[in-house]
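The structure under discussion appears below in the form of structure tokens.
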Amino acid sequence: MQPTLDTPQRRVQLVGGGCLLAGGLVATAELVGQPDPVAMPTTPAWLTILAAVATAVLTLWPSRPVTRLRLGLVALGVAGMAAGSVLAVPHAVLMVVIWAANQVTRGGGSFEVEPGWLATTAHLAAMLAAVAATAWLVAAWRLRSGRCARCGRTAPEPTPPGDGTRRALRWLAAVAVLGALPYGMLKTAWSLGSQVGLVGHAFDDVGFASPGFGDTAVLTGISIVLCVVMGAGVRQRLVRVLTSLIAATGSMMLVPVSVVGLVMLGQAAFGLRTIDDTEIAPWAFTLVYVCFLVWGTALAALTVTYWRTTAGRCARHDR
């Protein structure tokens, strides 16, 4: 039987090829010397390239069964690929979204909105390869444990969610919405000309159509809608997939940025660094990053709980 797009062999080839492609793009961006749109702490490019090549070899290696040592090495490779991009991807993706919105609004802003396309593509490829290799890792671990590689269960039918799980969905949705609201309200206020939380004049000429203002307020509103959908436990397949995908992407952007921001604020509190407070008041800085942390962690937990709670019968369980 010839392999098809649905066979495990082809999926493994896609994982390995994706890792090699990511390594090549990171190497190209390093050779060209294109900087990231927003400078963030990252590991050296050679580490990402080495991790990508090693992960590709380990996933494509045909030996059976997959040993624990091999799984551990793949986990290290995933960590190496992710380390170089996990902090850079949030700003890179946001810059692309802001740039796309600005092509429609044509609003003026207080900063340059042209993304670094090569660096952005390289970071996205590295993160997608890390996610794909993680999926391979999870599937291999499940098979070693005698469970279905796709659903992770021993039976094709899921366990019906109990009242506690439904309450957890609603609570997580409420926390995520409450975490998002202050940031969304602050950005909306600035977009409409309010000076709350501002101490300088850099935002005097911005409006709702300006890059980084109305568009981020709209993104916050979309996140709130997704939280309500997940909190309600909507099971419609297309809604479930799209909602989970967008929410997972949002949480992967929010959590790294919040951690870096709070670390910087902590360093500033102990005099280890300075924060530019000539335009935005310190309390507004703190509020934004605390919102990101609460919003991002609650959104991540909500997405995982929602995905597991609304899972249906595994169609590939017996294959």
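Naming scheme: A, B, ... for chains in displayed order of the structure tokens; residues 1 onward per chain; ligands 1 onward as shown.
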Find the residues around range 178-180 of chain A up to 9 Å (only C-alpha atoms counted), leave out those fewer than 6 positions away in its own chain, and share them as a PyMOL selection string.
chain A and resi 220-221+223-224+290-296+298
How many Å separate CA of Ser145 in chain A from CA of Ala300 in chain A?
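Rounded to one decimal, the two atoms are 25.7 Å apart.
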For Ala27 in chain A, the closest of A:Ser194, A:Thr303, A:Ser63, A:Thr121 counting only C-alpha atoms is A:Thr121
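Here the question is which of A:Gly266, A:Gly80, A:Pro211, A:Pro161 gets nearest to Val97 in chain A using only C-alpha atoms, and that residue is A:Pro211.
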Please list as an mmCIF file with C-alpha atoms, in the first residue's frame every residue within 8 Å of range 257-264 of chain A, counting only C-alpha atoms and excluding residues in the same chain fewer than 4 positions away.
```cif
data_model
loop_
_atom_site.group_PDB
_atom_site.id
_atom_site.type_symbol
_atom_site.label_atom_id
_atom_site.label_comp_id
_atom_site.auth_asym_id
_atom_site.auth_seq_id
_atom_site.Cartn_x
_atom_site.Cartn_y
_atom_site.Cartn_z
ATOM 1 C CA LEU A 87 9.995 35.240 23.131
ATOM 2 C CA PRO A 90 4.607 37.201 20.010
ATOM 3 C CA MET A 253 1.717 35.062 22.587
ATOM 4 C CA ALA A 268 13.504 47.876 37.784
ATOM 5 C CA ARG A 273 17.471 48.285 35.089
ATOM 6 C CA ILE A 275 11.997 51.440 32.515
ATOM 7 C CA THR A 286 2.388 47.100 35.546
ATOM 8 C CA TYR A 289 1.737 42.967 32.069
ATOM 9 C CA VAL A 290 -0.278 41.654 35.001
ATOM 10 C CA PHE A 292 -1.243 39.635 30.105
ATOM 11 C CA LEU A 293 -0.184 37.052 32.708
#
```
Give me the residues within 12 Å of Ala100 in chain A as a list in words, counting only C-alpha atoms and dropping any in the same chain fewer than 4 places off.
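Using only C-alpha atoms, the neighbours found are Val93, Leu94, Met95, Val96, Val104, Thr105, Arg106, Gly107, Val113, Glu114, Pro115, Pro211, Gly212 and Asp215 of chain A.
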In terms of the shortest atom-to-atom distance over only C-alpha atoms, which of A:Gly197, A:Gly231, A:Gly116, A:Pro182 is closest to Pro35 in chain A?
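Of A:Gly197, A:Gly231, A:Gly116, A:Pro182, the one nearest Pro35 in chain A is A:Gly116, counting only C-alpha atoms.
Rounded to one decimal, CA of Ala56 in chain A and CA of Met81 in chain A lie 11.2 Å from each other.
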Give the answer as one residue: which of A:Ala269, A:Gly16, A:His201, A:Gly164 has the shortest atom-to-atom distance to Gly77 in chain A, using only C-alpha atoms?
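Going through A:Ala269, A:Gly16, A:His201, A:Gly164 one by one, the smallest distance to Gly77 in chain A is for A:Gly16.
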For Val175 in chain A, the nearest of the candidates A:Cys314, A:Leu50, A:Leu238, A:Val228, counting only C-alpha atoms:
A:Val228
